[in-house]
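Shown below: data_5.txt, with compact mmCIF, C-alpha atoms.
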```txt
# COMPACT_ATOMS: atom_id res chain seq x y z
CA MET A 17 121.37 105.24 117.43
CA PHE A 18 118.55 102.92 116.33
CA ARG A 19 117.95 103.14 112.56
CA LEU A 20 114.56 102.70 110.89
CA GLY A 21 114.38 101.97 107.17
CA THR A 22 111.40 103.25 105.21
CA ARG A 23 110.18 104.21 101.78
CA GLY A 24 110.17 107.93 101.06
CA SER A 25 106.51 108.66 100.27
CA PRO A 26 104.69 111.10 102.57
CA LEU A 27 102.59 108.26 103.99
CA ALA A 28 105.61 106.00 104.54
CA LEU A 29 107.46 108.80 106.32
CA THR A 30 104.43 109.51 108.50
CA GLN A 31 104.22 105.85 109.47
CA ALA A 32 107.96 105.70 110.18
CA GLY A 33 107.50 108.72 112.42
CA MET A 34 104.77 106.87 114.32
CA VAL A 35 107.11 103.94 114.90
CA ARG A 36 109.99 106.26 115.88
CA ASP A 37 107.81 108.02 118.46
CA ALA A 38 106.57 104.72 119.88
CA LEU A 39 110.10 103.36 120.24
CA MET A 40 111.34 106.55 121.88
CA ALA A 41 108.45 106.47 124.35
CA ALA A 42 108.90 102.77 125.12
CA HIS A 43 112.65 102.93 125.72
CA GLY A 44 113.26 106.53 126.74
CA TRP A 45 115.49 107.06 123.72
CA ALA A 46 116.41 110.60 122.75
CA ASP A 47 116.03 109.92 119.04
CA VAL A 48 115.67 107.28 116.33
CA GLU A 49 117.17 107.80 112.88
CA ILE A 50 114.85 107.43 109.88
CA VAL A 51 116.69 106.14 106.81
CA VAL A 52 114.88 106.64 103.49
CA ILE A 53 115.35 103.85 100.97
CA ARG A 54 113.98 104.28 97.46
CA THR A 55 112.25 101.15 96.16
CA THR A 56 111.58 99.85 92.67
CA GLY A 57 107.86 100.21 93.36
CA ASP A 58 108.38 103.93 93.91
CA ARG A 59 110.41 104.33 90.73
CA VAL A 60 108.13 102.44 88.32
CA GLN A 61 104.69 104.05 88.22
CA ASP A 62 103.34 103.25 84.75
CA ARG A 63 102.70 99.51 85.14
CA ALA A 64 100.77 97.26 87.51
CA LEU A 65 102.85 95.69 90.29
CA ALA A 66 101.87 92.20 89.16
CA GLU A 67 103.51 92.85 85.79
CA ILE A 68 106.88 93.90 87.18
CA GLY A 69 107.51 91.74 90.23
CA GLY A 70 104.62 92.05 92.66
CA LYS A 71 104.75 93.25 96.24
CA ALA A 72 108.48 92.51 96.49
CA LEU A 73 108.98 95.78 94.63
CA TRP A 74 108.07 97.54 97.89
CA THR A 75 110.28 95.41 100.10
CA LYS A 76 113.37 94.04 98.36
CA GLU A 77 115.52 97.16 98.77
CA LEU A 78 114.44 97.50 102.40
CA ASP A 79 115.20 93.80 102.96
CA ARG A 80 118.65 94.25 101.45
CA ALA A 81 119.42 97.17 103.78
CA LEU A 82 118.18 95.20 106.79
CA LEU A 83 120.14 92.07 105.90
CA ALA A 84 123.25 94.17 105.24
CA GLY A 85 123.05 95.82 108.66
CA GLU A 86 122.48 99.29 107.21
CA VAL A 87 119.28 99.65 109.28
CA ASP A 88 118.05 97.95 112.45
CA ALA A 89 114.39 97.66 111.43
CA CYS A 90 112.08 98.46 108.51
CA VAL A 91 108.59 99.97 108.55
CA HIS A 92 105.94 98.68 106.16
CA SER A 93 102.29 99.06 105.30
CA MET A 94 101.52 95.42 105.98
CA LYS A 95 99.12 95.04 103.06
CA ASP A 96 102.13 95.73 100.78
CA VAL A 97 104.32 93.00 102.28
CA GLU A 98 104.44 89.72 100.32
CA THR A 99 103.23 86.64 102.15
CA LEU A 100 106.45 84.64 101.99
CA ARG A 101 109.30 86.50 103.65
CA PRO A 102 113.02 85.70 103.97
CA ASP A 103 113.75 83.25 106.79
CA ALA A 104 116.15 85.73 108.39
CA ILE A 105 113.47 88.45 108.73
CA ALA A 106 110.64 88.57 111.30
CA ILE A 107 107.59 90.77 111.80
CA ALA A 108 108.63 92.03 115.23
CA ALA A 109 105.71 94.36 115.90
CA THR A 110 102.56 95.92 114.53
CA LEU A 111 101.11 99.23 115.65
CA PRO A 112 97.42 99.44 116.62
CA ARG A 113 95.38 99.02 113.46
CA ALA A 114 93.65 102.06 111.99
CA ASP A 115 90.38 102.27 110.03
CA VAL A 116 90.39 99.23 107.75
CA ARG A 117 87.80 100.51 105.28
CA ASP A 118 88.23 101.83 101.76
CA ARG A 119 87.12 105.34 100.89
CA LEU A 120 85.48 106.27 97.61
CA ILE A 121 86.60 109.65 96.28
CA GLY A 122 84.62 111.27 93.47
CA ALA A 123 81.09 110.13 94.30
CA ALA A 124 78.84 109.99 97.36
CA SER A 125 78.48 106.21 97.12
CA ILE A 126 79.07 103.31 94.77
CA ALA A 127 75.42 103.51 93.72
CA ALA A 128 75.88 107.20 92.88
CA LEU A 129 78.70 106.60 90.40
CA PRO A 130 77.72 107.73 86.89
CA ASP A 131 76.66 105.05 84.41
CA GLY A 132 79.76 103.57 82.82
CA ALA A 133 82.07 105.37 85.25
CA THR A 134 85.83 104.92 85.00
CA ILE A 135 87.51 104.09 88.32
CA GLY A 136 91.23 104.53 88.90
CA THR A 137 92.80 101.73 90.93
CA SER A 138 95.84 99.46 90.88
CA SER A 139 94.14 96.88 93.11
CA PRO A 140 92.68 93.71 91.52
CA ARG A 141 90.60 93.28 94.69
CA ARG A 142 89.02 96.74 94.47
CA ALA A 143 88.42 96.45 90.73
CA ALA A 144 86.70 93.07 91.13
CA GLN A 145 84.57 94.18 94.07
CA LEU A 146 83.45 97.31 92.23
CA ARG A 147 82.60 95.38 89.09
CA ARG A 148 80.58 92.93 91.18
CA LEU A 149 78.57 95.79 92.65
CA ARG A 150 78.46 97.85 89.44
CA PRO A 151 79.08 95.72 86.31
CA ASP A 152 78.81 98.85 84.14
CA VAL A 153 81.94 100.53 85.55
CA SER A 154 85.46 100.01 84.26
CA ALA A 155 88.80 100.16 86.07
CA VAL A 156 92.02 101.73 84.78
CA LEU A 157 95.51 101.55 86.27
CA PHE A 158 96.12 104.21 88.93
CA ARG A 159 99.58 104.19 90.58
CA GLY A 160 101.41 106.74 92.69
CA ASN A 161 101.19 108.15 96.19
CA VAL A 162 98.02 109.64 97.65
CA ASP A 163 98.63 113.16 96.33
CA THR A 164 99.47 111.84 92.87
CA ARG A 165 96.25 109.83 92.68
CA LEU A 166 94.12 112.67 93.98
CA GLY A 167 95.77 114.98 91.44
CA LYS A 168 94.89 112.60 88.60
CA LEU A 169 91.31 112.48 89.83
CA ALA A 170 91.13 116.29 90.04
CA ALA A 171 92.46 116.50 86.48
CA GLY A 172 89.55 114.41 85.27
CA GLU A 173 91.52 111.34 84.25
CA VAL A 174 88.90 109.16 85.98
CA ASP A 175 85.48 109.62 87.55
CA ALA A 176 86.45 108.25 90.96
CA THR A 177 89.10 106.34 92.86
CA LEU A 178 89.42 104.27 96.02
CA LEU A 179 92.02 104.77 98.74
CA ALA A 180 92.56 103.24 102.15
CA ALA A 181 90.92 105.23 104.92
CA ALA A 182 93.91 104.57 107.20
CA GLY A 183 96.37 106.26 104.88
CA LEU A 184 94.13 109.27 104.37
CA GLU A 185 93.65 109.63 108.13
CA ARG A 186 97.39 109.40 108.81
CA LEU A 187 98.00 112.17 106.26
CA GLY A 188 95.41 114.40 107.94
CA ARG A 189 92.87 114.03 105.11
CA HIS A 190 90.00 113.29 107.45
CA ASP A 191 87.32 114.67 105.13
CA THR A 192 88.54 113.13 101.88
CA GLY A 193 86.13 110.61 100.40
CA VAL A 194 83.32 108.50 101.79
CA ALA A 195 84.01 105.33 103.79
CA ILE A 196 82.53 102.20 102.27
CA PRO A 197 80.82 99.94 104.85
CA LEU A 198 82.51 96.62 105.52
CA ASP A 199 79.37 94.72 104.56
CA VAL A 200 79.71 96.28 101.10
CA MET A 201 83.47 95.90 100.58
CA LEU A 202 85.84 93.90 102.75
CA PRO A 203 89.36 95.38 102.76
CA ALA A 204 92.62 93.92 101.56
CA PRO A 205 94.33 91.54 104.00
CA ALA A 206 96.37 93.56 106.53
CA GLN A 207 94.89 96.90 105.36
CA GLY A 208 95.29 99.63 107.97
CA ALA A 209 98.20 97.93 109.75
CA VAL A 210 101.76 99.24 110.10
CA GLY A 211 104.37 96.56 110.69
CA VAL A 212 108.00 96.66 111.77
CA GLU A 213 110.41 93.98 110.60
CA THR A 214 113.79 93.11 112.07
CA LEU A 215 116.26 90.29 111.74
CA VAL A 216 115.16 87.12 113.48
CA ASP A 217 118.32 87.13 115.57
CA GLY A 218 119.63 90.14 117.44
CA MET A 219 118.74 92.81 119.95
CA ALA A 220 116.52 94.84 117.61
CA ARG A 221 113.75 92.23 117.58
CA ALA A 222 113.24 92.45 121.33
CA GLN A 223 113.51 96.23 121.28
CA VAL A 224 110.81 96.51 118.61
CA ALA A 225 108.59 93.90 120.29
CA ALA A 226 108.11 96.39 123.14
CA ILE A 227 105.74 98.42 120.92
CA ASP A 228 103.76 95.47 119.54
CA HIS A 229 99.95 95.66 119.63
CA ALA A 230 99.04 92.02 120.20
CA PRO A 231 95.41 92.10 118.92
CA THR A 232 96.51 93.67 115.63
CA HIS A 233 99.41 91.24 115.32
CA ARG A 234 97.08 88.25 115.78
CA ALA A 235 94.58 89.57 113.25
CA ILE A 236 97.27 90.23 110.65
CA ALA A 237 98.75 86.77 111.24
CA ALA A 238 95.38 85.19 110.44
CA GLU A 239 94.90 87.26 107.29
CA ARG A 240 98.41 86.51 106.06
CA ALA A 241 97.92 82.79 106.81
CA LEU A 242 94.81 82.90 104.64
CA LEU A 243 96.87 84.36 101.79
CA ALA A 244 99.50 81.66 102.27
CA GLY A 245 96.85 78.95 102.21
CA LEU A 246 95.36 80.37 99.04
CA ARG A 247 98.83 80.82 97.51
CA ALA A 248 97.52 84.22 96.45
CA ASP A 249 99.64 86.68 94.51
CA CYS A 250 99.23 90.21 93.16
CA HIS A 251 96.83 88.97 90.48
CA SER A 252 94.47 87.38 93.02
CA PRO A 253 91.34 89.36 93.98
CA VAL A 254 91.01 88.52 97.68
CA ALA A 255 89.57 90.47 100.60
CA ALA A 256 89.89 89.51 104.26
CA LEU A 257 89.42 90.90 107.75
CA ALA A 258 90.08 89.31 111.14
CA VAL A 259 88.82 90.81 114.40
CA VAL A 260 89.49 89.73 117.96
CA GLU A 261 86.43 88.43 119.80
CA ASP A 262 87.26 87.64 123.44
CA ASP A 263 90.07 85.07 123.20
CA ALA A 264 89.28 84.04 119.62
CA LEU A 265 89.44 85.54 116.16
CA LEU A 266 86.65 85.92 113.61
CA LEU A 267 88.09 85.82 110.09
CA ARG A 268 85.96 86.79 107.09
CA ALA A 269 87.12 86.55 103.49
CA GLN A 270 85.98 86.86 99.90
CA LEU A 271 87.53 85.50 96.70
CA LEU A 272 86.45 86.86 93.32
CA THR A 273 87.07 86.48 89.62
CA ALA A 274 88.96 89.39 88.07
CA GLY A 275 85.81 90.90 86.61
CA GLY A 276 83.71 90.32 89.71
CA GLU A 277 81.30 87.98 87.89
CA GLU A 278 81.72 85.30 90.55
CA ALA A 279 82.58 85.37 94.23
CA VAL A 280 82.76 83.05 97.19
CA ASP A 281 82.49 84.31 100.77
CA GLY A 282 83.20 82.63 104.07
CA ALA A 283 83.99 83.08 107.75
CA ALA A 284 85.55 81.03 110.50
CA ARG A 285 86.45 81.37 114.17
CA GLY A 286 89.46 80.07 116.04
CA ALA A 287 92.13 80.84 118.60
CA ASP A 288 95.24 80.03 116.55
CA PRO A 289 95.57 82.68 113.81
CA VAL A 290 97.77 80.59 111.50
CA ALA A 291 95.56 77.52 111.73
CA LEU A 292 92.46 79.69 111.28
CA GLY A 293 93.74 81.31 108.11
CA ALA A 294 94.79 77.99 106.64
CA ARG A 295 91.43 76.38 107.45
CA LEU A 296 89.36 79.16 105.91
CA ALA A 297 91.53 79.14 102.78
CA GLU A 298 90.90 75.42 102.34
CA GLU A 299 87.14 75.84 102.89
CA LEU A 300 86.86 78.69 100.39
CA LEU A 301 88.81 76.90 97.68
CA ALA A 302 86.67 73.81 98.17
CA ARG A 303 83.52 75.86 97.50
CA ALA A 304 84.92 78.15 94.83
CA SER A 305 84.11 77.82 91.13
CA PRO A 306 86.83 76.67 88.71
CA ALA A 307 87.12 80.28 87.46
CA ILE A 308 87.94 81.50 90.96
CA ARG A 309 90.24 78.59 91.81
CA SER A 310 92.26 79.30 88.68
CA LEU A 311 93.36 82.61 90.21
CA PHE A 312 94.77 80.97 93.34
CA GLY A 313 97.35 78.32 94.01
```

Once more with this new file: its structure as structure tokens, please.
Amino acid sequence: MFRLGTRGSPLALTQAGMVRDALMAAHGWADVEIVVIRTTGDRVQDRALAEIGGKALWTKELDRALLAGEVDACVHSMKDVETLRPDAIAIAATLPRADVRDRLIGAASIAALPDGATIGTSSPRRAAQLRRLRPDVSAVLFRGNVDTRLGKLAAGEVDATLLAAAGLERLGRHDTGVAIPLDVMLPAPAQGAVGVETLVDGMARAQVAAIDHAPTHRAIAAERALLAGLRADCHSPVAALAVVEDDALLLRAQLLTAGGEEAVDGAARGADPVALGARLAEELLARASPAIRSLFG
């Protein structure tokens, strides 16, 4: 039986179920086993990821299981997957991308936030974008799964929080929060995309490739190439979104200082997603202020 590795959060299990169903439909399989693997990122909830190892905290245990042959593939929220991956592991497929926007929970809009509001978020990108739009607000660390964060908000620990629309939709929380327009806040690179990784060599890669959504895969490749070109890490406030336009891609991006005081925006078009991401990264860094450049590379 084909084995899918996944984290154990409700959202991760929902996404693993989506991949399982797609594989069963594509191959006529009777079942796919979902193997829950607890990650360091799930265990440590009181510190920012950047302080304790970055995005690898979501992937290293899953990588170990994949490399050890304990699972045939692993399911990830692609925005949580570090840019540089082990040579033996490949992104074999991405599912069709969901709503890429952020949702604000706790206020009707960013403008409607109370003066001096406290926003719960673990994302440097969201904190910087909010501070750029509302310099009076402050951000505090907010970790945990969706229910945990919403519970903290309900308990009054913060005035508002931001969550990915895609995750809320996948959990059936269609009416939770207000979607922020893309011209107000660009999302994190790869937000809204579910990816499936396998070993580079072996039958599983071809089996998983049968469920790949090519437009999403191309867009994610461009956004991840941008991150690679920037040499961005978990401390780097960067937003990006690529969309397919005919045979080409339009890639937009924004780099910010941590407090949102400065930002540089740009866009580029191209057919090759990796070359496009690398080119836009170079252009943005060339125009960025020293304060922004210090957060990249």

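Put simply, atom CA of Thr134 of chain A is 13.5 Å away from atom CA of Ala170 of chain A.
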
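With distances restricted to all atoms listed in the file, A:Gly122 is the closest residue to Ala171 of chain A from A:Pro231, A:Gly122, A:Glu49, A:Leu187.
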
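Using only C-alpha atoms, the shortest contact distance between Glu299 of chain A and any of A:His190, A:Ser138, A:Leu246, A:Glu277 is found at A:Leu246.
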
List as a list in words the protein and nucleic acid residues near Asp228 of chain A, meaning an atom at most 10 Å away when only C-alpha atoms are counted, but skip any in the same chain fewer than 5 places from it.
Ala38, Ile107, Ala108, Ala109, Thr110, Leu111, Pro112, Gly211, Val212, Gln223 and His233 of chain A

Contacts of Gly172 of chain A at 12 Å or less, counting all atoms listed in the file, minus same-chain residues fewer than 2 places along, as an NGL selection string?
:A and (122 or 133-136 or 165-170 or 174-177)

For Thr273 of chain A, the nearest of the candidates A:Ile53, A:Leu157, A:Ala144, A:Ala248, counting all atoms listed in the file
A:Ala144

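We find atom CA of Gly293 of chain A and atom CA of Met94 of chain A to be spaced 16.3 Å apart.
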
Around all of segment 243-253 of chain A's listed atoms, make the axis-aligned box with 8 Å on each side and tell me centre and edge lengths in Å to one decimal, as lines of an AutoDock Vina configuration file.
```
center_x = 95.5
center_y = 84.6
center_z = 96.4
size_x = 24.3
size_y = 27.3
size_z = 27.8
```

Do you know which residues lie at most 8 Å from (95.5, 88.9, 103.4), with coordinates as in the file and all atoms listed in the file counted, and could you write them as an MDAnalysis selection string?
chainID A and resid 95 204:206 236 238:243 254:257

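Minimum atom-to-atom distances from A:Glu213, A:Glu77, A:Asp199, A:Glu98 to Arg268 of chain A were compared using only C-alpha atoms, and the lowest value belongs to A:Asp199.
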
For segment 304-308 of chain A, work out the shell of residues within 8 Å, counting only C-alpha atoms and skipping chain neighbours fewer than 6 positions away, then give it as a PyMOL selection string.
chain A and resi 271-273+278-280

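Distance-wise, atom CA of Ile196 of chain A and atom CA of Leu146 of chain A end up 11.2 Å apart.
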
Around the point (101.9, 108.9, 98.5), in the coordinates given by the file, pick out the residues reaching within 12 Å, counting only C-alpha atoms, and return them as a list in words.
Arg23, Gly24, Ser25, Pro26, Leu27, Ala28, Leu29, Thr30, Gln31, Gly57, Asp58, Gln61, Ser93, Arg159, Gly160, Asn161, Val162, Asp163, Thr164, Arg165, Leu166, Gly167, Leu179, Ala180, Gly183, Leu184, Arg186 and Leu187 of chain A

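Nearest-residue note for Ala269 of chain A: choosing from A:Arg148, A:Arg101, A:Arg295, A:Arg189, the minimum distance belongs to A:Arg295, counting all atoms listed in the file.
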
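Take the candidates A:Arg285, A:Ala182, A:Arg141, A:Gly275 and check each one against Asp263 of chain A using only C-alpha atoms; the shortest distance goes to A:Arg285.
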
Quick one: residues within 12 Å of Asp191 of chain A, only C-alpha atoms counted, chain neighbours fewer than 6 positions away excluded, as a ChimeraX atom specification?
/A:119-121,181,184-185

Find the spatial neighbours of Ser139 of chain A, counting only C-alpha atoms, within a cut-off of 9 Å - ignore same-chain residues fewer than 2 positions away - and output them as a tab-separated table (two decimals) with C-alpha atoms, in the coordinates of the input.
```
chain	number	residue	atom	x	y	z
A	64	ALA	CA	100.77	97.26	87.51
A	137	THR	CA	92.80	101.73	90.93
A	141	ARG	CA	90.60	93.28	94.69
A	142	ARG	CA	89.02	96.74	94.47
A	143	ALA	CA	88.42	96.45	90.73
A	144	ALA	CA	86.70	93.07	91.13
A	157	LEU	CA	95.51	101.55	86.27
A	158	PHE	CA	96.12	104.21	88.93
A	250	CYS	CA	99.23	90.21	93.16
A	251	HIS	CA	96.83	88.97	90.48
A	253	PRO	CA	91.34	89.36	93.98
```
